[in-house]
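Asks: Dropping a structure here in structure tokens format, bear with me for questions.
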Amino acid sequence: MTRSSLFAISAAALAAAGSGPAASPATAQAQNVDINVDLIMNGSVCGASYRLGDGRKLDFRINAENFNVDMAVQNLPADVVNAGVDKENVPITIVVNDDWRTTADRGIYRAGFTYRAMAYWTDNAKGLEMLDRLADVETISVELDGQSYGPATSKPSPDIGFLYIRNCLRKNGVDI
């Protein structure tokens, strides 16, 4: 008896038993995945960018060589940036999960190709504490000059930004 006739007899026996034909293999189906965190890697600079809505982004970056941490709020309204561009220091506060907040030591507005506010911590330990908070982000928002932007959610997982920054630092030889 050949293999094909054995298969035909087995299929006939299953059909007679009421089992019907075997189900066809599953086919790949498109799935929508909501990703709300972009990843930044530029040489020794590692970071994560959270989408705040209305085209705005909140970027965090760390330099793997000196551990300087900075952040930027991208794509701000031009009138907001132009009104504050001459300020010496703009207080920029990050709010994580509505219960933890930190204000960067120095902040400035920049106008150019994009309108943004940029900030940094003079004490690396404060900046590293901010990055550590990215390990459990449900929501993140930014406050500057009396305006609030966000909140953004960390999708697909609360730690995606943190994990990417950590892995990027490891690729740059930092053992964390």
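By order of appearance in the structure tokens: chains A, B, ..., then residues from 1 within every chain, and ligands from 1 in the order shown.
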Can you list every residue of range 127-165 of chain A that has an atom at most 9 Å from range 112-123 of chain A, with its nearest atom pair and the distance in Å to one decimal, using only C-alpha atoms, ordered by chain then number, as CSV?

Replies:
```
residue,atom,partner,partner_atom,distance
A:Gly127,CA,A:Trp121,CA,5.6
A:Leu128,CA,A:Asp123,CA,9.0
A:Leu144,CA,A:Ala117,CA,8.6
```

Asks: Go ahead and save the residues from that selection, with all heavy atoms, as a JSON list (two decimals), in the first residue's frame.

Replies:
```json
[["chain", "number", "residue", "atom", "x", "y", "z"],
["A", 127, "GLY", "N", 19.84, 63.39, 37.33],
["A", 127, "GLY", "CA", 19.45, 62.93, 35.99],
["A", 127, "GLY", "C", 19.31, 61.43, 35.93],
["A", 127, "GLY", "O", 18.38, 60.90, 35.32],
["A", 128, "LEU", "N", 20.23, 60.72, 36.59],
["A", 128, "LEU", "CA", 20.15, 59.26, 36.60],
["A", 128, "LEU", "C", 18.92, 58.78, 37.37],
["A", 128, "LEU", "O", 18.31, 57.77, 37.02],
["A", 128, "LEU", "CB", 21.43, 58.66, 37.18],
["A", 128, "LEU", "CG", 22.67, 58.87, 36.31],
["A", 128, "LEU", "CD1", 23.93, 58.43, 37.05],
["A", 128, "LEU", "CD2", 22.54, 58.15, 34.98],
["A", 144, "LEU", "N", 5.99, 73.25, 31.85],
["A", 144, "LEU", "CA", 6.93, 74.33, 31.68],
["A", 144, "LEU", "C", 6.19, 75.63, 31.48],
["A", 144, "LEU", "O", 5.20, 75.68, 30.76],
["A", 144, "LEU", "CB", 7.92, 74.07, 30.54],
["A", 144, "LEU", "CG", 7.38, 73.87, 29.14],
["A", 144, "LEU", "CD1", 7.77, 75.07, 28.29],
["A", 144, "LEU", "CD2", 8.00, 72.63, 28.56]]
```

Asks: When you look at Asp175 in chain A with a cut-off of 12 Å (counting only C-alpha atoms), what residues show up, excluding the ones that are within fewer than 5 positions of it in the same chain? I need them as a PyMOL selection string.

Replies: chain A and resi 64+166-170

Asks: Write a file of the just-selected residues containing C-alpha atoms, as a PDB file, in the first residue's frame.

Replies:
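Listing of again.pdb after writing:
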```pdb
ATOM      1  CA  ALA A  64      27.399  56.888  27.836  1.00  0.00           C
ATOM      2  CA  ARG A 166      19.952  50.288  29.477  1.00  0.00           C
ATOM      3  CA  ASN A 167      20.656  48.009  26.507  1.00  0.00           C
ATOM      4  CA  CYS A 168      22.081  50.895  24.492  1.00  0.00           C
ATOM      5  CA  LEU A 169      24.413  51.795  27.384  1.00  0.00           C
ATOM      6  CA  ARG A 170      25.549  48.169  27.562  1.00  0.00           C
TER       7      ARG A 170
END
```

Asks: Point out the residue among A:Arg101, A:Lys126, A:Lys171, A:Arg133 with the least atom-to-atom distance to Val69 in chain A, counting only C-alpha atoms.

Replies: A:Lys126

Asks: Enter the distance from CA of Ser44 in chain A to CA of Ile160 in chain A, in Å, rounded to one decimal.

Replies: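 Computing it gives 19.1 Å between the two atoms.
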
Asks: Can you tell me which residues surround Ile108 in chain A at a distance of at most 12 Å, considering only C-alpha atoms, apart from same-chain residues fewer than 4 positions away, and format the answer as a ChimeraX atom specification?

Replies: /A:70-73,80-92,104,115-120,144-145

Asks: Write the residues of the selection above to a file with N, CA and C atoms, as a short mmCIF file (atom, residue, chain, number, x, y, z; two decimals), in the first residue's frame.

Replies:
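Output file out.cif is given in full below:
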```
data_model
loop_
_atom_site.label_atom_id
_atom_site.label_comp_id
_atom_site.auth_asym_id
_atom_site.auth_seq_id
_atom_site.Cartn_x
_atom_site.Cartn_y
_atom_site.Cartn_z
N ASP A 70 20.07 64.70 29.64
CA ASP A 70 19.31 65.88 29.24
C ASP A 70 17.97 65.45 28.69
N MET A 71 17.10 66.41 28.53
CA MET A 71 15.78 66.13 27.98
C MET A 71 15.36 67.29 27.11
N ALA A 72 14.36 67.04 26.26
CA ALA A 72 13.84 68.08 25.39
C ALA A 72 12.35 67.83 25.16
N VAL A 73 11.62 68.92 25.07
CA VAL A 73 10.21 68.85 24.66
C VAL A 73 10.19 69.38 23.24
N VAL A 80 4.81 80.07 22.06
CA VAL A 80 5.32 79.75 23.40
C VAL A 80 6.84 79.90 23.42
N VAL A 81 7.50 79.32 22.44
CA VAL A 81 8.97 79.36 22.39
C VAL A 81 9.45 80.80 22.17
N ASN A 82 8.85 81.50 21.21
CA ASN A 82 9.28 82.87 20.92
C ASN A 82 9.09 83.79 22.12
N ALA A 83 8.04 83.57 22.89
CA ALA A 83 7.80 84.41 24.08
C ALA A 83 8.83 84.15 25.17
N GLY A 84 9.42 82.97 25.22
CA GLY A 84 10.34 82.63 26.30
C GLY A 84 11.78 82.49 25.89
N VAL A 85 12.10 82.75 24.63
CA VAL A 85 13.45 82.47 24.12
C VAL A 85 14.53 83.29 24.83
N ASP A 86 14.19 84.44 25.42
CA ASP A 86 15.18 85.27 26.10
C ASP A 86 15.31 84.97 27.59
N LYS A 87 14.54 84.04 28.10
CA LYS A 87 14.61 83.72 29.53
C LYS A 87 15.94 83.04 29.85
N GLU A 88 16.48 83.39 31.00
CA GLU A 88 17.76 82.81 31.44
C GLU A 88 17.62 81.34 31.81
N ASN A 89 16.53 80.99 32.52
CA ASN A 89 16.34 79.61 32.96
C ASN A 89 14.84 79.32 33.00
N VAL A 90 14.42 78.36 32.25
CA VAL A 90 13.01 77.96 32.19
C VAL A 90 12.85 76.72 33.06
N PRO A 91 12.02 76.79 34.11
CA PRO A 91 11.79 75.58 34.92
C PRO A 91 11.00 74.54 34.13
N ILE A 92 11.58 73.37 33.98
CA ILE A 92 10.94 72.27 33.26
C ILE A 92 10.82 71.10 34.22
N ALA A 104 14.28 69.96 36.23
CA ALA A 104 15.65 70.03 35.74
C ALA A 104 16.34 71.28 36.28
N TYR A 115 10.64 73.99 17.19
CA TYR A 115 10.52 74.78 18.41
C TYR A 115 10.51 73.82 19.58
N ARG A 116 11.41 74.07 20.54
CA ARG A 116 11.56 73.11 21.62
C ARG A 116 12.06 73.79 22.89
N ALA A 117 11.92 73.07 23.98
CA ALA A 117 12.53 73.45 25.25
C ALA A 117 13.50 72.34 25.59
N MET A 118 14.68 72.72 26.07
CA MET A 118 15.70 71.73 26.41
C MET A 118 16.13 71.96 27.85
N ALA A 119 16.50 70.89 28.53
CA ALA A 119 16.90 71.01 29.93
C ALA A 119 17.92 69.94 30.27
N TYR A 120 18.62 70.18 31.37
CA TYR A 120 19.59 69.20 31.84
C TYR A 120 19.74 69.34 33.35
N LEU A 144 5.99 73.25 31.85
CA LEU A 144 6.93 74.33 31.68
C LEU A 144 6.19 75.63 31.48
N ASP A 145 6.66 76.66 32.16
CA ASP A 145 6.06 78.00 32.07
C ASP A 145 4.55 77.98 32.26
#
```

Asks: Can you work out which one of A:Ser141, A:Thr93, A:Ser154, A:Gln147 has the shortest atom-to-atom distance to Leu58 in chain A, counting only C-alpha atoms?

Replies: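 Of the candidates, the smallest distance to Leu58 in chain A is held by A:Ser141.
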
Asks: Using only C-alpha atoms, which residues sit within 9 Å of Asn124 in chain A once same-chain residues fewer than 6 positions away are excluded, as a PDB file with all heavy atoms, in the first residue's frame?

Replies:
```
ATOM      1  N   ASN A  66      29.981  60.259  29.657  1.00  0.00           N
ATOM      2  CA  ASN A  66      30.108  61.100  30.857  1.00  0.00           C
ATOM      3  C   ASN A  66      28.866  61.081  31.752  1.00  0.00           C
ATOM      4  O   ASN A  66      28.829  61.772  32.760  1.00  0.00           O
ATOM      5  CB  ASN A  66      30.460  62.539  30.471  1.00  0.00           C
ATOM      6  CG  ASN A  66      29.419  63.162  29.568  1.00  0.00           C
ATOM      7  OD1 ASN A  66      28.273  62.736  29.508  1.00  0.00           O
ATOM      8  ND2 ASN A  66      29.823  64.196  28.846  1.00  0.00           N
ATOM      9  N   PHE A  67      27.836  60.342  31.361  1.00  0.00           N
ATOM     10  CA  PHE A  67      26.591  60.166  32.116  1.00  0.00           C
ATOM     11  C   PHE A  67      25.773  61.449  32.270  1.00  0.00           C
ATOM     12  O   PHE A  67      24.932  61.540  33.151  1.00  0.00           O
ATOM     13  CB  PHE A  67      26.834  59.508  33.478  1.00  0.00           C
ATOM     14  CG  PHE A  67      27.507  58.182  33.348  1.00  0.00           C
ATOM     15  CD1 PHE A  67      28.835  58.025  33.705  1.00  0.00           C
ATOM     16  CD2 PHE A  67      26.825  57.101  32.819  1.00  0.00           C
ATOM     17  CE1 PHE A  67      29.465  56.803  33.547  1.00  0.00           C
ATOM     18  CE2 PHE A  67      27.449  55.886  32.657  1.00  0.00           C
ATOM     19  CZ  PHE A  67      28.770  55.733  33.026  1.00  0.00           C
ATOM     20  N   ASN A  68      26.032  62.438  31.416  1.00  0.00           N
ATOM     21  CA  ASN A  68      25.178  63.623  31.412  1.00  0.00           C
ATOM     22  C   ASN A  68      23.803  63.234  30.885  1.00  0.00           C
ATOM     23  O   ASN A  68      23.688  62.529  29.878  1.00  0.00           O
ATOM     24  CB  ASN A  68      25.761  64.725  30.532  1.00  0.00           C
ATOM     25  CG  ASN A  68      26.954  65.394  31.157  1.00  0.00           C
ATOM     26  OD1 ASN A  68      27.147  65.338  32.366  1.00  0.00           O
ATOM     27  ND2 ASN A  68      27.764  66.036  30.338  1.00  0.00           N
ATOM     28  N   VAL A  69      22.763  63.685  31.588  1.00  0.00           N
ATOM     29  CA  VAL A  69      21.385  63.399  31.194  1.00  0.00           C
ATOM     30  C   VAL A  69      20.727  64.709  30.801  1.00  0.00           C
ATOM     31  O   VAL A  69      20.841  65.711  31.502  1.00  0.00           O
ATOM     32  CB  VAL A  69      20.595  62.745  32.362  1.00  0.00           C
ATOM     33  CG1 VAL A  69      19.147  62.528  31.973  1.00  0.00           C
ATOM     34  CG2 VAL A  69      21.250  61.431  32.762  1.00  0.00           C
TER      35      VAL A  69
END
```

Asks: Of the candidates A:Tyr149, A:Ile94, A:Arg110, A:Leu131, which one gets nearest to Asp54 in chain A if we count only C-alpha atoms?

Replies: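 Going through A:Tyr149, A:Ile94, A:Arg110, A:Leu131 one by one, the smallest distance to Asp54 in chain A is for A:Tyr149.
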
Asks: Here is a test: counting only C-alpha atoms, which residue of A:Glu65, A:Asp59, A:Ala78, A:Pro158 is nearest to Val142 in chain A?

Replies: A:Asp59
